[in-house]
$ cat work05.cif   # mmCIF, C-alpha atoms and all ligand atoms
data_run
#
loop_
_atom_site.group_PDB
_atom_site.id
_atom_site.type_symbol
_atom_site.label_atom_id
_atom_site.label_comp_id
_atom_site.auth_asym_id
_atom_site.auth_seq_id
_atom_site.Cartn_x
_atom_site.Cartn_y
_atom_site.Cartn_z
ATOM 1 C CA MET H 1 -50.041 40.210 5.026
ATOM 2 C CA GLU H 2 -49.142 38.195 8.113
ATOM 3 C CA LEU H 3 -50.575 34.737 8.883
ATOM 4 C CA VAL H 4 -50.497 33.569 12.494
ATOM 5 C CA SER H 5 -51.123 30.273 14.299
ATOM 6 C CA GLY H 6 -50.007 30.155 17.952
ATOM 7 C CA ASN H 7 -46.280 30.931 18.148
ATOM 8 C CA ILE H 8 -45.781 30.443 14.387
ATOM 9 C CA SER H 9 -46.278 33.233 11.887
ATOM 10 C CA LEU H 10 -45.673 33.814 8.190
ATOM 11 C CA ARG H 11 -44.628 37.309 7.151
ATOM 12 C CA PRO H 12 -43.236 38.916 3.979
ATOM 13 C CA LEU H 13 -39.480 38.671 3.371
ATOM 14 C CA ARG H 14 -37.348 41.750 4.159
ATOM 15 C CA GLU H 15 -33.970 42.788 2.741
ATOM 16 C CA SER H 16 -32.554 42.691 6.271
ATOM 17 C CA ASP H 17 -33.351 38.916 6.424
ATOM 18 C CA ALA H 18 -30.360 38.097 4.171
ATOM 19 C CA PRO H 19 -27.696 37.188 6.799
ATOM 20 C CA ARG H 20 -30.135 35.073 8.805
ATOM 21 C CA LEU H 21 -31.504 33.395 5.674
ATOM 22 C CA ALA H 22 -27.956 32.478 4.614
ATOM 23 C CA GLU H 23 -27.243 31.097 8.100
ATOM 24 C CA LEU H 24 -30.376 28.919 8.004
ATOM 25 C CA ALA H 25 -29.984 27.779 4.389
ATOM 26 C CA ASN H 26 -26.253 27.048 4.303
ATOM 27 C CA ASN H 27 -26.662 23.347 5.055
ATOM 28 C CA GLU H 28 -26.121 20.395 2.724
ATOM 29 C CA LYS H 29 -28.879 18.451 4.529
ATOM 30 C CA ILE H 30 -31.364 21.097 3.369
ATOM 31 C CA GLY H 31 -30.083 21.550 -0.186
ATOM 32 C CA ARG H 32 -30.231 17.797 -0.922
ATOM 33 C CA ASN H 33 -34.017 17.926 -0.572
ATOM 34 C CA LEU H 34 -34.492 20.900 -2.896
ATOM 35 C CA ARG H 35 -33.881 21.726 -6.564
ATOM 36 C CA ASP H 36 -30.377 22.599 -7.713
ATOM 37 C CA GLY H 37 -31.169 26.344 -7.768
ATOM 38 C CA PHE H 38 -30.848 26.183 -3.966
ATOM 39 C CA PRO H 39 -27.055 26.257 -3.724
ATOM 40 C CA PHE H 40 -24.518 24.877 -1.274
ATOM 41 C CA PRO H 41 -22.679 26.745 0.039
ATOM 42 C CA TYR H 42 -25.503 29.299 0.387
ATOM 43 C CA THR H 43 -24.060 32.810 0.695
ATOM 44 C CA ILE H 44 -25.484 36.135 1.869
ATOM 45 C CA GLU H 45 -25.467 37.193 -1.811
ATOM 46 C CA ASP H 46 -27.622 34.158 -2.682
ATOM 47 C CA ALA H 47 -29.994 35.165 0.105
ATOM 48 C CA SER H 48 -30.113 38.812 -1.034
ATOM 49 C CA ASP H 49 -30.824 37.801 -4.650
ATOM 50 C CA PHE H 50 -33.641 35.520 -3.542
ATOM 51 C CA ILE H 51 -35.162 38.146 -1.248
ATOM 52 C CA ARG H 52 -34.964 40.936 -3.850
ATOM 53 C CA HIS H 53 -36.712 38.698 -6.346
ATOM 54 C CA PHE H 54 -39.542 37.542 -4.081
ATOM 55 C CA MET H 55 -40.032 40.114 -1.293
ATOM 56 C CA HIS H 56 -42.970 41.775 -3.056
ATOM 57 C CA HIS H 57 -44.622 38.526 -4.061
ATOM 58 C CA SER H 58 -47.877 37.893 -2.187
ATOM 59 C CA SER H 59 -47.161 34.233 -1.489
ATOM 60 C CA PHE H 60 -43.483 34.082 -0.448
ATOM 61 C CA PHE H 61 -43.047 34.227 3.329
ATOM 62 C CA ALA H 62 -40.480 34.071 6.107
ATOM 63 C CA ILE H 63 -41.523 31.610 8.828
ATOM 64 C CA GLU H 64 -41.151 32.946 12.372
ATOM 65 C CA PHE H 65 -41.167 30.746 15.479
ATOM 66 C CA LYS H 66 -41.544 32.712 18.721
ATOM 67 C CA GLY H 67 -40.611 35.863 16.813
ATOM 68 C CA GLU H 68 -37.428 34.406 15.266
ATOM 69 C CA HIS H 69 -36.902 33.785 11.538
ATOM 70 C CA VAL H 70 -36.494 29.988 11.167
ATOM 71 C CA GLY H 71 -37.256 29.194 7.505
ATOM 72 C CA ASN H 72 -39.158 30.101 4.343
ATOM 73 C CA ILE H 73 -42.346 28.902 2.661
ATOM 74 C CA SER H 74 -43.968 29.803 -0.654
ATOM 75 C CA LEU H 75 -46.707 29.145 -3.168
ATOM 76 C CA SER H 76 -45.512 29.534 -6.766
ATOM 77 C CA PRO H 77 -48.405 30.012 -9.205
ATOM 78 C CA CYS H 78 -48.352 27.685 -12.214
ATOM 79 C CA GLU H 79 -49.040 28.944 -15.732
ATOM 80 C CA ASN H 80 -51.342 28.552 -18.705
ATOM 81 C CA VAL H 81 -54.002 25.867 -18.157
ATOM 82 C CA TYR H 82 -52.436 25.199 -14.738
ATOM 83 C CA ARG H 83 -53.080 28.773 -13.566
ATOM 84 C CA ARG H 84 -55.468 27.677 -10.822
ATOM 85 C CA THR H 85 -52.672 25.503 -9.365
ATOM 86 C CA ALA H 86 -49.765 26.529 -7.137
ATOM 87 C CA GLU H 87 -46.632 24.635 -6.186
ATOM 88 C CA ILE H 88 -45.751 24.704 -2.503
ATOM 89 C CA GLY H 89 -42.107 24.873 -1.391
ATOM 90 C CA TYR H 90 -40.506 25.183 2.049
ATOM 91 C CA PHE H 91 -37.471 24.695 4.236
ATOM 92 C CA LEU H 92 -36.621 25.082 7.900
ATOM 93 C CA GLY H 93 -33.226 25.613 9.562
ATOM 94 C CA GLU H 94 -31.992 22.311 11.035
ATOM 95 C CA PRO H 95 -32.074 23.362 14.735
ATOM 96 C CA TYR H 96 -35.855 23.756 14.392
ATOM 97 C CA TRP H 97 -36.728 20.387 12.846
ATOM 98 C CA ASN H 98 -39.248 18.018 14.486
ATOM 99 C CA LYS H 99 -41.097 20.584 16.586
ATOM 100 C CA GLY H 100 -44.218 20.677 14.394
ATOM 101 C CA ILE H 101 -43.263 24.067 12.917
ATOM 102 C CA MET H 102 -43.570 23.135 9.243
ATOM 103 C CA THR H 103 -46.853 21.322 9.786
ATOM 104 C CA ALA H 104 -48.276 24.573 11.186
ATOM 105 C CA ALA H 105 -46.714 26.653 8.389
ATOM 106 C CA VAL H 106 -48.015 24.374 5.608
ATOM 107 C CA ASN H 107 -51.505 24.474 7.126
ATOM 108 C CA LEU H 108 -51.392 28.285 7.268
ATOM 109 C CA ILE H 109 -50.207 28.856 3.691
ATOM 110 C CA THR H 110 -52.508 26.174 2.264
ATOM 111 C CA ASP H 111 -55.543 27.795 3.841
ATOM 112 C CA TYR H 112 -54.372 31.206 2.571
ATOM 113 C CA GLY H 113 -53.800 29.792 -0.928
ATOM 114 C CA PHE H 114 -57.330 28.444 -1.098
ATOM 115 C CA ARG H 115 -59.345 31.070 0.777
ATOM 116 C CA VAL H 116 -57.523 34.293 -0.155
ATOM 117 C CA LEU H 117 -55.691 33.541 -3.416
ATOM 118 C CA GLY H 118 -58.400 31.250 -4.764
ATOM 119 C CA PHE H 119 -56.219 28.369 -5.977
ATOM 120 C CA ALA H 120 -58.052 25.167 -6.842
ATOM 121 C CA ARG H 121 -55.066 22.904 -6.229
ATOM 122 C CA ILE H 122 -51.738 23.052 -4.385
ATOM 123 C CA HIS H 123 -49.148 20.412 -5.157
ATOM 124 C CA THR H 124 -45.494 19.475 -4.891
ATOM 125 C CA GLY H 125 -43.005 16.679 -5.465
ATOM 126 C CA VAL H 126 -40.918 15.166 -2.654
ATOM 127 C CA TYR H 127 -37.794 13.084 -3.240
ATOM 128 C CA GLU H 128 -38.282 9.491 -2.159
ATOM 129 C CA TYR H 129 -35.805 9.740 0.727
ATOM 130 C CA ASN H 130 -37.434 12.815 2.298
ATOM 131 C CA THR H 131 -39.732 11.021 4.721
ATOM 132 C CA ALA H 132 -40.136 14.034 7.037
ATOM 133 C CA SER H 133 -41.569 16.216 4.261
ATOM 134 C CA GLN H 134 -43.925 13.447 3.115
ATOM 135 C CA LYS H 135 -45.127 13.162 6.719
ATOM 136 C CA VAL H 136 -45.721 16.930 6.933
ATOM 137 C CA LEU H 137 -47.850 16.923 3.781
ATOM 138 C CA GLU H 138 -49.856 13.911 4.944
ATOM 139 C CA LYS H 139 -50.472 15.554 8.342
ATOM 140 C CA CYS H 140 -51.780 18.611 6.449
ATOM 141 C CA GLY H 141 -54.293 16.608 4.422
ATOM 142 C CA TYR H 142 -52.341 16.334 1.154
ATOM 143 C CA THR H 143 -52.942 13.160 -0.841
ATOM 144 C CA LYS H 144 -50.189 11.043 -2.357
ATOM 145 C CA GLU H 145 -51.209 11.042 -6.036
ATOM 146 C CA GLY H 146 -48.431 9.049 -7.589
ATOM 147 C CA ILE H 147 -44.766 8.320 -8.074
ATOM 148 C CA PHE H 148 -42.718 9.880 -10.876
ATOM 149 C CA ARG H 149 -40.252 7.014 -11.139
ATOM 150 C CA LYS H 150 -36.556 7.907 -11.572
ATOM 151 C CA SER H 151 -37.498 11.489 -12.458
ATOM 152 C CA VAL H 152 -35.056 13.253 -10.115
ATOM 153 C CA PHE H 153 -31.303 13.380 -10.715
ATOM 154 C CA LYS H 154 -29.680 14.501 -7.479
ATOM 155 C CA GLU H 155 -26.259 13.836 -5.984
ATOM 156 C CA GLY H 156 -25.246 11.841 -9.067
ATOM 157 C CA GLN H 157 -28.127 9.404 -8.760
ATOM 158 C CA LEU H 158 -31.683 8.888 -10.026
ATOM 159 C CA TRP H 159 -34.520 8.951 -7.502
ATOM 160 C CA ASP H 160 -38.287 8.574 -7.529
ATOM 161 C CA GLU H 161 -40.355 11.667 -6.777
ATOM 162 C CA VAL H 162 -43.518 11.287 -4.688
ATOM 163 C CA ARG H 163 -46.233 13.681 -5.856
ATOM 164 C CA TYR H 164 -48.649 15.190 -3.341
ATOM 165 C CA ALA H 165 -51.651 17.491 -3.841
ATOM 166 C CA LYS H 166 -54.521 19.037 -1.955
ATOM 167 C CA ILE H 167 -57.706 20.302 -3.598
ATOM 168 C CA ASN H 168 -59.527 23.409 -2.389
ATOM 169 C CA PRO H 169 -62.212 22.000 -0.034
ATOM 170 C CA GLU H 170 -64.799 24.327 -1.581
ATOM 171 C CA LEU H 171 -64.358 22.537 -4.915
ATOM 172 C CA GLU H 172 -64.513 19.119 -3.294
ATOM 173 C CA GLN H 173 -67.911 20.150 -1.903
ATOM 174 C CA GLY H 174 -68.991 20.757 -5.516
ATOM 175 C CA SER H 175 -69.049 24.567 -5.648
ATOM 176 C CA GLY H 176 -66.711 27.347 -6.819
ATOM 177 C CA THR H 177 -65.689 25.802 -10.138
ATOM 178 C CA LYS H 178 -65.863 29.088 -12.067
ATOM 179 C CA ASP H 179 -62.669 30.350 -13.700
ATOM 180 C CA THR H 180 -62.223 33.020 -11.048
ATOM 181 C CA GLN H 181 -59.073 35.106 -11.089
ATOM 182 C CA VAL H 182 -56.315 34.162 -8.666
ATOM 183 C CA ALA H 183 -55.834 37.228 -6.475
ATOM 184 C CA GLY H 184 -52.737 39.331 -5.994
ATOM 185 C CA ASN H 185 -49.789 37.351 -7.373
ATOM 186 C CA GLY H 186 -46.867 39.641 -7.822
HETATM 187 C C1 LIG H 201 -38.934 18.509 5.863
HETATM 188 C C2 LIG H 201 -39.026 19.646 6.873
HETATM 189 C C3 LIG H 201 -39.656 20.828 6.230
HETATM 190 C C4 LIG H 201 -39.889 19.165 8.065
HETATM 191 O O1 LIG H 201 -40.156 20.261 8.928
HETATM 192 P P1 LIG H 201 -40.480 20.029 10.480
HETATM 193 O O2 LIG H 201 -40.910 21.293 11.090
HETATM 194 O O3 LIG H 201 -39.335 19.306 11.080
HETATM 195 O O4 LIG H 201 -41.724 19.050 10.352
HETATM 196 P P2 LIG H 201 -42.747 18.665 11.521
HETATM 197 O O5 LIG H 201 -42.020 18.694 12.834
HETATM 198 O O6 LIG H 201 -43.951 19.520 11.370
HETATM 199 O O7 LIG H 201 -43.142 17.176 11.117
HETATM 200 C C5 LIG H 201 -42.132 16.239 10.785
HETATM 201 C C6 LIG H 201 -42.671 14.832 10.906
HETATM 202 O O8 LIG H 201 -41.791 13.929 10.251
HETATM 203 C C7 LIG H 201 -41.329 12.971 11.170
HETATM 204 N N1 LIG H 201 -39.948 12.637 10.774
HETATM 205 C C8 LIG H 201 -38.860 13.414 10.855
HETATM 206 N N2 LIG H 201 -37.801 12.774 10.354
HETATM 207 C C9 LIG H 201 -38.252 11.557 9.945
HETATM 208 C C10 LIG H 201 -37.639 10.434 9.353
HETATM 209 N N3 LIG H 201 -36.339 10.426 9.042
HETATM 210 N N4 LIG H 201 -38.409 9.359 9.067
HETATM 211 C C11 LIG H 201 -39.732 9.356 9.359
HETATM 212 N N5 LIG H 201 -40.377 10.405 9.916
HETATM 213 C C12 LIG H 201 -39.636 11.486 10.207
HETATM 214 C C13 LIG H 201 -41.445 13.624 12.514
HETATM 215 O O9 LIG H 201 -41.486 12.685 13.560
HETATM 216 C C14 LIG H 201 -42.761 14.382 12.347
HETATM 217 O O10 LIG H 201 -43.881 13.520 12.409
HETATM 218 P P3 LIG H 201 -44.771 13.383 13.758
HETATM 219 O O11 LIG H 201 -45.378 14.734 14.000
HETATM 220 O O12 LIG H 201 -45.801 12.366 13.386
HETATM 221 O O13 LIG H 201 -43.856 12.965 14.852
HETATM 222 C C15 LIG H 201 -37.620 20.034 7.405
HETATM 223 O O14 LIG H 201 -37.000 18.889 7.890
HETATM 224 C C16 LIG H 201 -36.752 20.662 6.329
HETATM 225 O O15 LIG H 201 -36.786 21.860 6.123
HETATM 226 N N6 LIG H 201 -35.967 19.822 5.611
HETATM 227 C C17 LIG H 201 -35.062 20.296 4.570
HETATM 228 C C18 LIG H 201 -35.781 20.970 3.377
HETATM 229 C C19 LIG H 201 -36.908 20.141 2.825
HETATM 230 O O16 LIG H 201 -36.911 18.925 2.895
HETATM 231 N N7 LIG H 201 -37.903 20.825 2.237
HETATM 232 C C20 LIG H 201 -39.046 20.170 1.640
HETATM 233 C C21 LIG H 201 -38.761 19.744 0.253
HETATM 234 S S1 LIG H 201 -40.129 18.803 -0.440
#

$ encode --input "work05.cif" --output "structure tokens" --more "lines below"
Ligand SMILES: CC(C)(COP(=O)(O)OP(=O)(O)OC[C@H]1O[C@@H](n2cnc3c(N)ncnc32)[C@H](O)[C@@H]1OP(=O)(O)O)[C@@H](O)C(=O)NCCC(=O)NCCS
Amino acid sequence: MELVSGNISLRPLRESDAPRLAELANNEKIGRNLRDGFPFPYTIEDASDFIRHFMHHSSFFAIEFKGEHVGNISLSPCENVYRRTAEIGYFLGEPYWNKGIMTAAVNLITDYGFRVLGFARIHTGVYEYNTASQKVLEKCGYTKEGIFRKSVFKEGQLWDEVRYAKINPELEQGSGTKDTQVAGNG
């Protein structure tokens, strides 16, 4: 599955992406905005492990800008009573920041999550200092739902987490509330 909008596309991860993924991800300025499982330094082995784990997953993508791999984006399905919800996650290599790339990528994967995978809700938490990511989500129609105060321990300090979500527009129009299966995860 490939999702395309202008010169930005989302495509499945490939084993051969590992060196480039490590090059993009090996940056403290990226890791400080993500969970601790995203290491620094970020090695080619880290990249290979990640790719092997997720390359066959229907909602983990490499982001390409003008045909070049520039970052990753994913929807992780939640479990149990939250199974109609997915958590969105993303990062972009620093040379590509502030060109509108992630806004396009978030719009693409959100639409795919609702229309193809059938999620009712897509959400995420952003650390209070990550203004760029909050801006991206707001530009893509996500709503700030609340603040989880002092919930994040990062870099030896406690931070607030800002929670954002978007609801499948079909549900907001009052239809499609059946417990339909989420398609093709895995
Ligand atoms: C956050 C991130 C994904 C943004 O991607 P991007 O492609 O640069 O985002 P866009 O260019 O689409 O939009 C960024 C917006 O934030 C704004 N912005 C950037 N830095 C900002 C700052 N320090 N303060 C306020 N606004 C800022 C930009 O001006 C732009 O808004 P505009 O279109 O109104 O001008 C990217 O910086 C990144 O990968 N960061 C590290 C990993 C990360 O934070 N992941 C998300 C975890 S929740």

$ atom_distance --input "work05.cif" --atom1 "atom C6 of ligand LIG 201 (chain H)" --atom2 "atom CA of His69 of chain H"
19.8 Å

$ resolve_selection --input "work05.cif" --expression "the PyMOL selection byres (((chain H and resi 17) around 12) and not hetatm)" --output "PyMOL selection string"
chain H and resi 11-16+18-25+44-52+55+61-64+68-72

$ residues_around --input "work05.cif" --residues "segment 109-122 of chain H" --least-positions-apart "4" --cutoff "6 Å" --atoms "only C-alpha atoms" --output "PyMOL selection string"
chain H and resi 84-87+165-168+182-183

$ atom_distance --input "work05.cif" --atom1 "atom CA of Ala105 of chain H" --atom2 "atom N3 of ligand LIG 201 (chain H)"
19.3 Å

$ residues_near_ligand --input "work05.cif" --ligand "ligand LIG 201 (chain H)" --cutoff "8 Å" --atoms "all atoms listed in the file" --output "ChimeraX atom specification"
/H:29-34,71,89-94,96-104,124-127,130-136,139

$ axis_aligned_box --input "work05.cif" --around "segment 105-114 of chain H" --padding-each-side "6 Å" --output "JSON"
{"center_x": -52.0, "center_y": 27.8, "center_z": 3.6, "size_x": 22.6, "size_y": 18.8, "size_z": 21.5}

$ atom_distance --input "work05.cif" --atom1 "atom CA of Ser58 of chain H" --atom2 "atom CA of Ile88 of chain H"
13.4 Å

$ residues_around --input "work05.cif" --residues "Glu161 of chain H" --least-positions-apart "4" --cutoff "8 Å" --atoms "all atoms listed in the file" --output "number ranges by chain"
H: 125-128, 147-152

$ closest_residue --input "work05.cif" --among "H:Phe60, H:Phe54, H:Phe65, H:Phe38" --to "Gly6 of chain H" --atoms "all atoms listed in the file"
H:Phe65

$ closest_residue --input "work05.cif" --among "H:Trp159, H:Asn26, H:Thr43, H:Leu3" --to "Val106 of chain H" --atoms "all atoms listed in the file"
H:Leu3

$ residues_around --input "work05.cif" --residues "Glu28 of chain H" --least-positions-apart "6" --cutoff "9 Å" --atoms "only C-alpha atoms" --output "ChimeraX atom specification"
/H:39-41
